[in-house]
>>> print(open('input_21.cif').read())   # mmCIF, C-alpha atoms
data_coords
#
loop_
_atom_site.label_atom_id
_atom_site.label_comp_id
_atom_site.auth_asym_id
_atom_site.auth_seq_id
_atom_site.Cartn_x
_atom_site.Cartn_y
_atom_site.Cartn_z
CA MET T 1 92.38 99.11 128.40
CA TYR T 2 94.01 97.73 125.25
CA ALA T 3 94.19 94.20 126.67
CA ALA T 4 90.53 94.38 127.69
CA PHE T 5 89.57 95.42 124.17
CA VAL T 6 91.52 92.55 122.58
CA VAL T 7 90.06 89.97 124.98
CA ALA T 8 86.52 91.26 124.43
CA MET T 9 86.88 91.16 120.65
CA ILE T 10 88.38 87.66 120.64
CA CYS T 11 85.54 86.45 122.86
CA LEU T 12 83.05 88.07 120.49
CA ALA T 13 84.69 86.33 117.54
CA ALA T 14 84.46 82.99 119.36
CA LEU T 15 80.79 83.61 120.16
CA ILE T 16 80.10 84.44 116.51
CA ALA T 17 81.85 81.30 115.30
CA ILE T 18 80.06 79.04 117.77
CA THR T 19 76.53 80.42 117.44
CA ARG T 20 76.27 81.93 113.95
CA VAL T 21 77.88 79.32 111.67
CA SER T 22 77.54 75.56 111.46
CA ARG T 23 80.62 74.73 109.35
CA HIS T 24 84.26 75.86 109.31
CA ARG T 25 83.99 77.42 112.74
CA VAL T 26 87.75 77.58 113.28
CA VAL T 27 88.30 79.49 110.04
CA THR T 28 85.36 81.78 110.86
CA PHE T 29 86.79 82.46 114.32
CA LEU T 30 90.25 83.28 112.94
CA ILE T 31 88.89 85.65 110.28
CA CYS T 32 86.46 87.42 112.63
CA ALA T 33 89.09 87.67 115.38
CA TRP T 34 91.50 89.27 112.92
CA ILE T 35 88.89 91.81 111.80
CA LEU T 36 87.82 92.68 115.34
CA ALA T 37 91.03 92.48 117.37
CA SER T 38 94.11 92.73 115.15
CA PRO T 39 94.41 96.56 115.03
CA VAL T 40 95.01 96.76 118.77
CA PHE T 41 96.60 93.32 119.24
CA ASP T 42 99.36 94.15 116.77
CA ALA T 43 100.21 97.36 118.61
CA HIS T 44 101.08 95.51 121.80
CA PHE T 45 102.75 92.40 120.45
CA ALA T 46 105.43 90.33 122.10
CA THR T 47 108.69 89.32 120.41
CA ILE T 48 109.60 85.70 119.79
CA PRO T 49 113.39 85.34 120.14
CA LEU T 50 114.82 83.26 117.30
CA GLY T 51 118.30 84.75 117.08
CA ARG T 52 118.75 86.72 113.87
CA LEU T 53 115.24 85.70 112.76
CA SER T 54 113.43 87.12 115.81
CA PHE T 55 109.85 88.09 114.93
CA ASP T 56 107.12 90.21 116.44
CA LEU T 57 104.05 88.19 117.39
CA ARG T 58 101.47 89.83 115.13
CA MET T 59 97.97 88.54 114.46
CA GLU T 60 98.64 88.51 110.70
CA ARG T 61 101.45 86.01 111.31
CA LEU T 62 99.27 83.88 113.57
CA LEU T 63 96.62 83.97 110.84
CA LEU T 64 99.19 82.93 108.23
CA ILE T 65 100.46 80.01 110.35
CA ALA T 66 96.98 78.75 111.27
CA LEU T 67 95.53 78.98 107.76
CA SER T 68 98.69 77.50 106.21
CA LEU T 69 98.24 74.49 108.48
CA TYR T 70 94.64 74.28 107.26
CA VAL T 71 95.87 74.21 103.65
CA LEU T 72 98.44 71.50 104.44
CA LEU T 73 95.85 69.38 106.24
CA ARG T 74 93.46 69.76 103.33
CA TRP T 75 96.14 68.45 100.99
CA THR T 76 97.19 65.70 103.42
CA LEU T 77 93.64 64.45 103.81
CA GLY T 78 93.29 64.17 100.05
CA ARG T 79 91.07 67.21 99.49
CA ARG T 80 93.47 69.07 97.28
CA MET T 81 93.20 72.85 97.24
CA TYR T 82 93.75 73.10 93.51
CA ALA T 83 90.72 70.87 92.94
CA ASP T 84 88.62 73.36 94.92
CA LEU T 85 89.87 76.19 92.71
CA THR T 86 89.53 74.56 89.31
CA ASN T 87 87.02 77.18 88.23
CA ALA T 88 88.69 80.10 89.97
CA PRO T 89 88.58 83.37 88.00
CA ARG T 90 91.60 84.53 86.01
CA TRP T 91 92.58 87.23 88.47
CA VAL T 92 93.36 84.63 91.15
CA TYR T 93 95.97 83.06 88.90
CA ALA T 94 97.26 86.51 87.94
CA GLY T 95 97.75 87.20 91.64
CA LEU T 96 99.66 83.95 92.12
CA VAL T 97 101.89 84.86 89.14
CA TYR T 98 102.64 88.18 90.87
CA LEU T 99 103.51 86.37 94.11
CA GLY T 100 105.75 83.93 92.25
CA LEU T 101 107.64 86.72 90.46
CA LEU T 102 108.04 88.62 93.72
CA ALA T 103 109.47 85.52 95.43
CA LEU T 104 111.86 84.89 92.52
CA VAL T 105 113.17 88.47 92.59
CA ASP T 106 113.68 88.31 96.36
CA VAL T 107 115.56 85.01 96.01
CA ILE T 108 117.90 86.70 93.54
CA HIS T 109 118.43 89.65 95.88
CA LEU T 110 118.96 87.30 98.83
CA SER T 111 122.57 86.82 97.77
CA HIS T 112 123.59 90.46 98.20
CA GLU T 113 120.91 93.10 98.95
CA LEU T 114 118.37 91.24 101.09
CA SER T 115 118.89 89.63 104.49
CA LEU T 116 117.29 86.28 105.28
CA ARG T 117 115.02 88.00 107.81
CA GLU T 118 113.84 90.56 105.24
CA PHE T 119 113.26 87.77 102.72
CA VAL T 120 111.09 85.76 105.10
CA ILE T 121 109.15 88.84 106.23
CA ASN T 122 108.55 90.10 102.67
CA LEU T 123 107.35 86.73 101.45
CA SER T 124 105.14 86.13 104.48
CA ILE T 125 103.53 89.58 104.22
CA GLU T 126 102.38 89.12 100.60
CA GLY T 127 101.85 85.39 101.10
CA THR T 128 99.36 86.05 103.89
CA PHE T 129 97.09 87.81 101.38
CA PHE T 130 96.87 84.76 99.12
CA VAL T 131 96.62 82.19 101.90
CA VAL T 132 93.69 84.13 103.38
CA LEU T 133 92.07 84.52 99.96
CA LEU T 134 92.37 80.81 99.11
CA VAL T 135 91.15 79.52 102.48
CA VAL T 136 88.13 81.84 102.52
CA ALA T 137 87.44 80.86 98.90
CA VAL T 138 87.12 77.16 99.76
CA THR T 139 85.24 77.59 103.06
CA ALA T 140 82.94 80.58 102.60
CA ASN T 141 79.17 80.11 102.64
CA ASP T 142 76.26 82.46 103.14
CA ARG T 143 76.54 82.51 106.94
CA MET T 144 80.28 83.09 106.97
CA ALA T 145 79.96 85.92 104.46
CA LYS T 146 77.30 87.53 106.62
CA VAL T 147 79.28 87.39 109.88
CA ILE T 148 82.37 88.73 108.12
CA THR T 149 80.52 91.89 107.07
CA GLN T 150 78.89 92.15 110.49
CA SER T 151 82.28 91.95 112.21
CA LEU T 152 83.57 94.70 109.93
CA ILE T 153 80.61 96.91 110.81
CA VAL T 154 81.01 96.26 114.56
CA VAL T 155 84.69 97.21 114.71
CA CYS T 156 84.06 100.30 112.59
CA VAL T 157 81.20 101.42 114.88
CA ILE T 158 83.59 101.20 117.84
CA SER T 159 86.40 102.90 115.90
CA SER T 160 84.20 105.78 114.72
CA ALA T 161 82.91 106.39 118.25
CA ILE T 162 86.48 106.44 119.57
CA ALA T 163 87.52 108.76 116.70
CA ILE T 164 84.83 111.30 117.68
CA PHE T 165 86.01 111.19 121.30
CA GLN T 166 89.65 111.56 120.20
CA PHE T 167 88.97 114.57 118.03
CA PHE T 168 86.61 116.56 120.22
CA ILE T 169 87.54 115.56 123.79
CA ASP T 170 90.85 113.75 124.34
CA PRO T 171 93.27 113.28 121.42
CA GLN T 172 95.31 110.74 123.41
CA PHE T 173 92.38 108.45 124.23
CA PHE T 174 93.05 104.94 122.88
CA ARG T 175 95.86 106.32 120.71
CA TYR T 176 98.81 104.02 120.20
CA GLY T 177 99.86 104.82 116.64
CA VAL T 178 100.89 107.90 114.71
CA GLU T 179 99.79 111.35 115.81
CA ARG T 180 99.38 113.70 112.85
CA PRO T 181 98.03 117.25 113.01
CA ALA T 182 94.70 118.06 111.37
CA PHE T 183 94.33 121.84 111.68
CA ALA T 184 94.17 124.57 114.33
CA GLY T 185 95.75 122.35 117.00
CA PHE T 186 93.42 119.39 116.38
CA VAL T 187 94.87 115.93 115.82
CA ARG T 188 93.64 113.47 113.19
CA ALA T 189 91.50 110.69 114.61
CA ASN T 190 92.76 107.11 114.21
CA GLY T 191 90.04 105.28 116.16
CA VAL T 192 91.22 101.76 117.00
CA PHE T 193 93.81 101.83 114.21
CA ALA T 194 97.44 102.89 114.24
CA SER T 195 97.11 105.40 111.39
CA ASP T 196 94.52 107.76 109.94
CA HIS T 197 94.65 106.30 106.42
CA THR T 198 93.96 102.75 107.66
CA GLN T 199 90.99 104.02 109.66
CA ALA T 200 89.69 105.89 106.60
CA TYR T 201 89.91 102.96 104.19
CA TRP T 202 88.29 100.52 106.64
CA LEU T 203 85.43 102.96 107.21
CA ILE T 204 84.90 103.19 103.44
CA ALA T 205 84.57 99.40 103.34
CA ALA T 206 82.09 99.55 106.22
CA VAL T 207 79.97 102.20 104.46
CA ASN T 208 79.71 99.98 101.39
CA ALA T 209 78.91 96.93 103.53
CA VAL T 210 76.06 98.82 105.21
CA LEU T 211 74.65 100.21 101.97
CA LEU T 212 74.69 96.79 100.32
CA THR T 213 73.68 94.39 103.10
CA VAL T 214 71.91 96.15 106.01
CA ARG T 215 68.12 96.26 105.89
CA GLY T 216 66.16 99.02 107.58
CA ARG T 217 66.37 102.60 106.45
CA ALA T 218 66.94 104.06 109.92
CA ALA T 219 69.80 101.65 110.70
CA ARG T 220 71.48 102.33 107.38
CA ILE T 221 71.26 106.11 107.77
CA ALA T 222 72.60 105.97 111.34
CA LEU T 223 75.52 103.67 110.52
CA VAL T 224 76.54 105.45 107.34
CA SER T 225 76.36 108.82 109.11
CA LEU T 226 78.57 107.55 111.94
CA PHE T 227 81.13 106.12 109.52
CA VAL T 228 81.22 109.25 107.38
CA VAL T 229 81.90 111.38 110.47
CA GLY T 230 84.74 109.03 111.42
CA LEU T 231 86.07 109.22 107.87
CA VAL T 232 86.01 113.03 107.84
CA LEU T 233 87.83 113.19 111.18
CA THR T 234 90.79 111.27 109.74
CA PHE T 235 91.53 114.31 107.53
CA HIS T 236 93.09 111.96 105.00
CA ARG T 237 92.45 113.73 101.71
CA MET T 238 92.98 110.83 99.31
CA SER T 239 90.48 108.68 101.17
CA TRP T 240 87.91 111.47 100.80
CA ILE T 241 88.48 111.42 97.04
CA VAL T 242 88.25 107.62 96.90
CA PHE T 243 85.05 107.72 98.95
CA ALA T 244 83.51 110.29 96.58
CA VAL T 245 84.40 108.16 93.53
CA LEU T 246 82.90 105.02 95.08
CA MET T 247 79.73 106.82 96.12
CA LEU T 248 79.26 108.18 92.60
CA MET T 249 79.73 104.65 91.28
CA TYR T 250 77.24 103.30 93.84
CA TRP T 251 74.54 105.76 92.81
CA GLY T 252 75.17 105.10 89.14
CA ARG T 253 75.89 101.34 89.13
CA VAL T 254 73.75 100.05 91.99
CA ARG T 255 71.01 102.63 92.56
CA LYS T 256 70.88 103.30 88.82
CA VAL T 257 70.19 107.01 89.11
CA GLY T 258 68.72 108.28 85.86
CA PHE T 259 70.07 110.83 83.39
CA VAL T 260 67.63 113.53 84.51
CA THR T 261 68.83 113.31 88.12
CA TRP T 262 72.50 113.48 87.12
CA TRP T 263 71.79 116.42 84.81
CA SER T 264 69.92 118.27 87.56
CA ALA T 265 72.73 117.68 90.06
CA ALA T 266 75.34 118.85 87.56
CA THR T 267 73.32 121.99 86.87
CA VAL T 268 73.18 122.82 90.59
CA VAL T 269 76.93 122.24 91.00
CA VAL T 270 77.81 124.40 87.98
CA GLY T 271 75.46 127.12 89.25
CA LEU T 272 77.14 127.12 92.65
CA VAL T 273 80.58 127.34 91.00
CA PHE T 274 79.52 130.56 89.29
CA VAL T 275 77.44 132.04 92.13
CA LEU T 276 79.50 131.36 95.25
CA PRO T 277 82.69 133.14 94.13
CA ALA T 278 80.61 136.29 93.72
CA THR T 279 79.77 136.17 97.43
CA ASP T 280 82.04 136.34 100.45
CA VAL T 281 81.37 132.69 101.31
CA VAL T 282 84.26 131.21 99.35
CA ALA T 283 86.73 133.89 100.47
CA SER T 284 85.77 133.39 104.12
CA PHE T 285 86.09 129.63 103.82
CA ALA T 286 89.48 129.95 102.12
CA ARG T 287 90.80 131.91 105.11
CA THR T 288 89.90 129.19 107.63
CA ALA T 289 92.59 127.15 109.36
CA PHE T 290 91.05 123.99 107.90
CA VAL T 291 91.74 125.14 104.33
CA ARG T 292 95.15 126.69 105.01
CA GLU T 293 96.55 124.02 107.33
CA ARG T 294 95.05 120.86 105.89
CA LEU T 295 92.95 121.08 102.73
CA THR T 296 95.57 122.98 100.74
CA GLN T 297 98.58 121.74 102.70
CA ASP T 298 101.48 120.92 100.39
CA THR T 299 102.60 117.33 100.93
CA GLY T 300 103.26 116.72 97.24
CA SER T 301 106.62 118.48 97.01
CA TYR T 302 108.29 116.19 99.54
CA ARG T 303 106.73 113.08 98.04
CA MET T 304 107.76 114.23 94.57
CA LEU T 305 111.41 113.89 95.62
CA PHE T 306 110.92 110.15 96.15
CA THR T 307 108.88 109.92 92.94
CA VAL T 308 111.78 111.49 91.03
CA ILE T 309 114.17 109.04 92.69
CA ALA T 310 112.02 106.08 91.63
CA VAL T 311 111.29 107.24 88.07
CA SER T 312 114.90 108.17 87.34
CA SER T 313 116.30 104.96 88.87
CA VAL T 314 113.95 102.36 87.35
CA PRO T 315 115.79 102.37 83.97
CA ASP T 316 119.01 101.44 85.81
CA HIS T 317 117.41 98.36 87.43
CA PRO T 318 114.41 97.51 85.20
CA ILE T 319 114.20 93.74 85.64
CA ILE T 320 114.76 92.98 89.31
CA GLY T 321 114.90 96.43 90.94
CA VAL T 322 117.23 97.36 93.76
CA GLY T 323 115.86 94.85 96.25
CA SER T 324 114.60 96.91 99.17
CA VAL T 325 114.86 100.26 100.92
CA LYS T 326 117.76 98.76 102.85
CA SER T 327 119.84 98.26 99.70
CA SER T 328 123.04 100.18 99.02
CA ALA T 329 121.62 101.49 95.70
CA TYR T 330 118.59 102.98 97.46
CA TYR T 331 120.79 104.51 100.16
CA ALA T 332 123.14 106.14 97.64
CA ARG T 333 120.30 107.50 95.48
CA VAL T 334 118.41 109.05 98.41
CA ARG T 335 121.58 110.64 99.79
CA GLN T 336 122.30 112.01 96.33
CA GLU T 337 119.10 114.09 96.68
CA GLY T 338 120.46 115.60 99.88
CA LEU T 339 118.03 113.78 102.17
CA SER T 340 118.86 112.57 105.67
CA GLU T 341 120.53 109.40 106.85
CA GLU T 342 117.22 108.25 108.36
CA GLU T 343 115.46 108.66 105.02
CA ALA T 344 118.27 106.89 103.15
CA LEU T 345 118.02 103.92 105.50
CA GLY T 346 114.29 103.61 104.76
CA GLU T 347 113.25 104.55 108.27
CA TYR T 348 111.34 107.67 107.21
CA GLY T 349 109.66 108.94 104.06
CA GLY T 350 109.56 106.63 101.09
CA ILE T 351 107.78 106.21 97.76
CA HIS T 352 104.09 106.98 98.26
CA ASN T 353 102.93 105.02 95.23
CA SER T 354 102.48 101.24 95.20
CA TYR T 355 103.25 100.83 91.50
CA LEU T 356 106.41 102.96 91.43
CA GLN T 357 107.53 101.39 94.69
CA LEU T 358 107.31 97.89 93.20
CA ALA T 359 108.90 98.93 89.90
CA TYR T 360 111.88 100.50 91.71
CA LEU T 361 112.38 97.94 94.46
CA LYS T 362 111.33 94.70 92.69
CA GLY T 363 111.47 95.51 88.97
CA VAL T 364 109.04 96.42 86.20
CA PRO T 365 107.78 92.83 85.56
CA VAL T 366 106.65 92.53 89.20
CA ALA T 367 104.93 95.92 89.07
CA LEU T 368 103.13 94.99 85.84
CA ALA T 369 102.02 91.66 87.32
CA PHE T 370 100.66 93.49 90.37
CA LEU T 371 98.78 95.98 88.19
CA GLY T 372 97.47 93.19 85.96
CA PHE T 373 96.11 91.35 89.00
CA LEU T 374 94.16 94.41 90.15
CA LEU T 375 92.82 95.25 86.68
CA LEU T 376 91.69 91.68 85.97
CA ALA T 377 89.96 91.50 89.36
CA MET T 378 88.11 94.77 88.71
CA LYS T 379 87.09 93.65 85.22
CA ASP T 380 85.66 90.31 86.36
CA LEU T 381 83.94 91.72 89.44
CA TRP T 382 82.42 94.53 87.36
CA ARG T 383 80.65 91.84 85.32
CA LEU T 384 79.02 90.44 88.47
CA THR T 385 77.35 93.67 89.52
CA PRO T 386 74.54 93.68 86.93
CA GLN T 387 73.31 90.50 88.64
CA GLY T 388 72.60 92.60 91.73
CA SER T 389 75.05 90.67 93.90
CA ALA T 390 75.77 92.53 97.15
CA TYR T 391 79.06 90.75 97.80
CA GLY T 392 80.16 90.99 94.18
CA TYR T 393 79.82 94.76 94.27
CA LEU T 394 81.39 95.03 97.73
CA GLU T 395 84.48 93.20 96.51
CA LEU T 396 84.64 95.38 93.41
CA THR T 397 84.75 98.49 95.60
CA GLU T 398 87.51 96.96 97.71
CA VAL T 399 89.78 96.35 94.70
CA LEU T 400 89.06 99.79 93.23
CA LYS T 401 89.69 101.41 96.62
CA PHE T 402 93.02 99.60 96.95
CA ALA T 403 94.06 100.50 93.38
CA LEU T 404 93.23 104.19 93.87
CA GLY T 405 94.74 104.35 97.36
CA GLY T 406 97.97 102.92 95.96
CA LEU T 407 98.43 106.07 93.88
CA THR T 408 99.31 108.14 96.96
CA ASN T 409 100.27 105.48 99.53
CA GLY T 410 102.69 102.58 99.21
CA LEU T 411 100.03 99.97 99.95
CA VAL T 412 100.99 96.29 99.84
CA LEU T 413 98.70 93.28 99.64
CA GLY T 414 99.83 92.11 103.06
CA SER T 415 98.83 95.37 104.76
CA ARG T 416 95.78 95.65 107.01
CA ILE T 417 93.88 97.20 104.10
CA GLY T 418 95.06 94.44 101.76
CA ILE T 419 94.14 91.51 104.00
CA LEU T 420 90.63 92.89 104.45
CA MET T 421 90.42 92.92 100.65
CA ALA T 422 91.71 89.32 100.57
CA ILE T 423 88.93 88.18 102.91
CA LEU T 424 86.24 89.79 100.76
CA LEU T 425 87.83 88.57 97.53
CA GLY T 426 87.80 85.05 98.95
CA VAL T 427 84.04 85.41 99.24
CA ALA T 428 83.98 86.49 95.58
CA VAL T 429 85.86 83.35 94.50
CA ALA T 430 83.42 81.19 96.46
CA MET T 431 80.57 82.96 94.66
CA THR T 432 81.97 82.14 91.22
CA GLN T 433 82.15 78.48 92.25
CA GLY T 434 78.39 78.35 92.60
CA ARG T 435 77.81 78.69 96.33
CA ARG T 436 74.60 80.44 97.37
CA ILE T 437 76.22 83.44 99.00
CA ALA T 438 75.10 86.23 96.72
CA PRO T 439 72.12 88.00 98.24
CA LYS T 440 70.67 90.83 96.25
CA VAL T 441 71.78 94.37 96.98
CA VAL T 442 69.57 96.10 99.54
CA ARG T 443 67.81 98.99 97.81
#
>>> encode(input="input_21.cif", output="structure tokens")
Amino acid sequence: MYAAFVVAMICLAALIAITRVSRHRVVTFLICAWILASPVFDAHFATIPLGRLSFDLRMERLLLIALSLYVLLRWTLGRRMYADLTNAPRWVYAGLVYLGLLALVDVIHLSHELSLREFVINLSIEGTFFVVLLVVAVTANDRMAKVITQSLIVVCVISSAIAIFQFFIDPQFFRYGVERPAFAGFVRANGVFASDHTQAYWLIAAVNAVLLTVRGRAARIALVSLFVVGLVLTFHRMSWIVFAVLMLMYWGRVRKVGFVTWWSAATVVVGLVFVLPATDVVASFARTAFVRERLTQDTGSYRMLFTVIAVSSVPDHPIIGVGSVKSSAYYARVRQEGLSEEEALGEYGGIHNSYLQLAYLKGVPVALAFLGFLLLAMKDLWRLTPQGSAYGYLELTEVLKFALGGLTNGLVLGSRIGILMAILLGVAVAMTQGRRIAPKVVR
């Protein structure tokens, strides 16, 4: 079943590249194939034996190798990449500064706290983000941008349908990743992804893509409804909050809802806050398994232990951090809190905050460079939205989603969520270079 899905999605990506674009078909195929097939492909990878450097054959690594060859050929043939990016926005360079600092810190740790295998993997994970961003930036045109969003919508339609089946009929159907409880014996739905939070954040991207690019009221309502159901069934609370923030921004920034409408909505909400507690509705809802077992479930206390570890340890290693979760300093500090051997070895638990994670493991300068990259990207993309650019706003939501998600999950740029952002940010860079790939937002 999994192999059939991967083959079907790769064939679909090939069909898209051959029939829907006239230029850069290989790049289009690679990007669309990654969007459509990588979630399942990566779950059933083979291992390439290279002694101590043995690697799992993941689609992200195939993407990195193929697109890196593209970059080298572009240089070799005289079409230098830096010439293509002369007018790139500031946040691209800020991102490259972050990558450079990260590589420098890992080189320093290579002598004592980091193995060669960890070094190569770490650098390739974050490097994939920037290679994808740069290649899409120099190849994207209106057709490629369109098929990218269409591929995202297609895989999320399939994933949402599978999620509904998983939750209501068979929780083991197409499940190959984590299995986390929702409430009352139900299991969170992952769809075609390995985890509920990845499913949730991809569906948020798909909702925004539909709202901004799909024409036809009926199609938009149907797709958004399907994706929202899939999002709810993940029972990932932070993604619900992120989704609510982005929807409020959409109605205010894109739909330009007026003051009277906002005031009316606020009045209704405040009225409900005062009226509902006087009835038995709130009390009844509070007694449900959903509220007790998921909505008010305490996951913060356990995560706070790792937060305390990070915050208290950063002053001891402020410049270059401790290296990795495999370092002796990390092991000793986690064991000091009375946690298990598995947790001390970095095999379980961890710091559920991207910024603290970087500050502790790689040092404060790296964490600040990472934060600066995200803030600069949001600032520049925010300026594009008054022009009514659909892709400009879509990319803004991706960066904001990643920045907010990093508050409660240790997201990295080379994650599945991060690479999707890299693809869409590459489209944003192409837009700033004057290509005609900025259709107006569908209203």
>>> residues_around(input="input_21.cif", residues="segment 403-411 of chain T", least_positions_apart="2", cutoff="12 Å", atoms="all atoms listed in the file", output="PDB file with C-alpha atoms, keeping the file's coordinate frame")
ATOM      1  CA  ILE T 125     103.530  89.580 104.220  1.00  0.00           C
ATOM      2  CA  GLU T 126     102.380  89.120 100.600  1.00  0.00           C
ATOM      3  CA  HIS T 197      94.650 106.300 106.420  1.00  0.00           C
ATOM      4  CA  THR T 198      93.960 102.750 107.660  1.00  0.00           C
ATOM      5  CA  ALA T 200      89.690 105.890 106.600  1.00  0.00           C
ATOM      6  CA  TYR T 201      89.910 102.960 104.190  1.00  0.00           C
ATOM      7  CA  TRP T 202      88.290 100.520 106.640  1.00  0.00           C
ATOM      8  CA  ILE T 204      84.900 103.190 103.440  1.00  0.00           C
ATOM      9  CA  HIS T 236      93.090 111.960 105.000  1.00  0.00           C
ATOM     10  CA  ARG T 237      92.450 113.730 101.710  1.00  0.00           C
ATOM     11  CA  MET T 238      92.980 110.830  99.310  1.00  0.00           C
ATOM     12  CA  SER T 239      90.480 108.680 101.170  1.00  0.00           C
ATOM     13  CA  TRP T 240      87.910 111.470 100.800  1.00  0.00           C
ATOM     14  CA  ILE T 241      88.480 111.420  97.040  1.00  0.00           C
ATOM     15  CA  VAL T 242      88.250 107.620  96.900  1.00  0.00           C
ATOM     16  CA  PHE T 243      85.050 107.720  98.950  1.00  0.00           C
ATOM     17  CA  ALA T 244      83.510 110.290  96.580  1.00  0.00           C
ATOM     18  CA  VAL T 245      84.400 108.160  93.530  1.00  0.00           C
ATOM     19  CA  LEU T 246      82.900 105.020  95.080  1.00  0.00           C
ATOM     20  CA  THR T 299     102.600 117.330 100.930  1.00  0.00           C
ATOM     21  CA  GLY T 300     103.260 116.720  97.240  1.00  0.00           C
ATOM     22  CA  ARG T 303     106.730 113.080  98.040  1.00  0.00           C
ATOM     23  CA  MET T 304     107.760 114.230  94.570  1.00  0.00           C
ATOM     24  CA  PHE T 306     110.920 110.150  96.150  1.00  0.00           C
ATOM     25  CA  THR T 307     108.880 109.920  92.940  1.00  0.00           C
ATOM     26  CA  GLY T 349     109.660 108.940 104.060  1.00  0.00           C
ATOM     27  CA  GLY T 350     109.560 106.630 101.090  1.00  0.00           C
ATOM     28  CA  ILE T 351     107.780 106.210  97.760  1.00  0.00           C
ATOM     29  CA  HIS T 352     104.090 106.980  98.260  1.00  0.00           C
ATOM     30  CA  ASN T 353     102.930 105.020  95.230  1.00  0.00           C
ATOM     31  CA  SER T 354     102.480 101.240  95.200  1.00  0.00           C
ATOM     32  CA  TYR T 355     103.250 100.830  91.500  1.00  0.00           C
ATOM     33  CA  LEU T 356     106.410 102.960  91.430  1.00  0.00           C
ATOM     34  CA  GLN T 357     107.530 101.390  94.690  1.00  0.00           C
ATOM     35  CA  LEU T 358     107.310  97.890  93.200  1.00  0.00           C
ATOM     36  CA  ALA T 359     108.900  98.930  89.900  1.00  0.00           C
ATOM     37  CA  LEU T 361     112.380  97.940  94.460  1.00  0.00           C
ATOM     38  CA  PHE T 370     100.660  93.490  90.370  1.00  0.00           C
ATOM     39  CA  LEU T 371      98.780  95.980  88.190  1.00  0.00           C
ATOM     40  CA  GLY T 372      97.470  93.190  85.960  1.00  0.00           C
ATOM     41  CA  PHE T 373      96.110  91.350  89.000  1.00  0.00           C
ATOM     42  CA  LEU T 374      94.160  94.410  90.150  1.00  0.00           C
ATOM     43  CA  LEU T 375      92.820  95.250  86.680  1.00  0.00           C
ATOM     44  CA  LEU T 376      91.690  91.680  85.970  1.00  0.00           C
ATOM     45  CA  ALA T 377      89.960  91.500  89.360  1.00  0.00           C
ATOM     46  CA  MET T 378      88.110  94.770  88.710  1.00  0.00           C
ATOM     47  CA  LEU T 396      84.640  95.380  93.410  1.00  0.00           C
ATOM     48  CA  THR T 397      84.750  98.490  95.600  1.00  0.00           C
ATOM     49  CA  GLU T 398      87.510  96.960  97.710  1.00  0.00           C
ATOM     50  CA  VAL T 399      89.780  96.350  94.700  1.00  0.00           C
ATOM     51  CA  LEU T 400      89.060  99.790  93.230  1.00  0.00           C
ATOM     52  CA  LYS T 401      89.690 101.410  96.620  1.00  0.00           C
ATOM     53  CA  LEU T 413      98.700  93.280  99.640  1.00  0.00           C
ATOM     54  CA  GLY T 414      99.830  92.110 103.060  1.00  0.00           C
ATOM     55  CA  SER T 415      98.830  95.370 104.760  1.00  0.00           C
ATOM     56  CA  ARG T 416      95.780  95.650 107.010  1.00  0.00           C
ATOM     57  CA  ILE T 417      93.880  97.200 104.100  1.00  0.00           C
ATOM     58  CA  GLY T 418      95.060  94.440 101.760  1.00  0.00           C
ATOM     59  CA  ILE T 419      94.140  91.510 104.000  1.00  0.00           C
ATOM     60  CA  MET T 421      90.420  92.920 100.650  1.00  0.00           C
TER      61      MET T 421
END
>>> closest_residue(input="input_21.cif", among="T:Ile320, T:Leu226, T:Leu384, T:Gly392", to="Leu110 of chain T", atoms="all atoms listed in the file")
T:Ile320
>>> closest_atom_pairs(input="input_21.cif", of="segment 85-143 of chain T", to="segment 60-72 of chain T", cutoff="12 Å", atoms="only C-alpha atoms", output="CSV")
residue,atom,partner,partner_atom,distance
T:Val120,CA,T:Arg61,CA,11.5
T:Ile121,CA,T:Arg61,CA,9.6
T:Asn122,CA,T:Arg61,CA,11.9
T:Leu123,CA,T:Leu64,CA,11.3
T:Ser124,CA,T:Leu64,CA,7.7
T:Ile125,CA,T:Glu60,CA,8.2
T:Glu126,CA,T:Leu64,CA,10.3
T:Gly127,CA,T:Leu64,CA,8.0
T:Thr128,CA,T:Leu64,CA,5.3
T:Phe129,CA,T:Leu64,CA,8.7
T:Phe130,CA,T:Leu64,CA,9.6
T:Val131,CA,T:Ser68,CA,6.7
T:Val132,CA,T:Leu67,CA,7.0
T:Leu133,CA,T:Leu67,CA,10.2
T:Leu134,CA,T:Val71,CA,8.7
T:Val135,CA,T:Leu67,CA,6.9
T:Val136,CA,T:Leu67,CA,9.5
T:Ala137,CA,T:Val71,CA,11.7
T:Val138,CA,T:Val71,CA,10.0
T:Thr139,CA,T:Tyr70,CA,10.8
>>> resolve_selection(input="input_21.cif", expression="the PyMOL selection byres ((chain T and resi 27-33) around 8)", output="list in words")
Met9, Ile10, Leu12, Ala13, Ala14, Ile16, Ala17, Val21, His24, Arg25, Val26, Trp34, Ile35, Leu36, Ala37, Ser38, Leu63, Leu67, Val136, Thr139, Met144, Val147, Ile148, Ser151 and Ile423 of chain T
>>> atom_distance(input="input_21.cif", atom1="atom CA of Arg220 of chain T", atom2="atom CA of Ala266 of chain T")
26.1 Å
>>> closest_atom_pairs(input="input_21.cif", of="segment 215-276 of chain T", to="segment 163-187 of chain T", cutoff="12 Å", atoms="all atoms listed in the file", output="tab-separated table")
residue	atom	partner	partner_atom	distance
T:Leu226	CA	T:Ile164	CA	9.3
T:Phe227	CA	T:Ala163	CA	10.0
T:Val228	CA	T:Ile164	CA	11.1
T:Val229	CA	T:Ile164	CA	7.8
T:Gly230	CA	T:Ala163	CA	6.0
T:Leu231	CA	T:Ala163	CA	9.0
T:Val232	CA	T:Ala163	CA	10.0
T:Leu233	CA	T:Phe167	CA	7.1
T:Thr234	CA	T:Ala182	CA	8.0
T:Phe235	CA	T:Ala182	CA	6.2
T:His236	CA	T:Ala182	CA	9.0
T:Arg237	CA	T:Ala182	CA	10.8
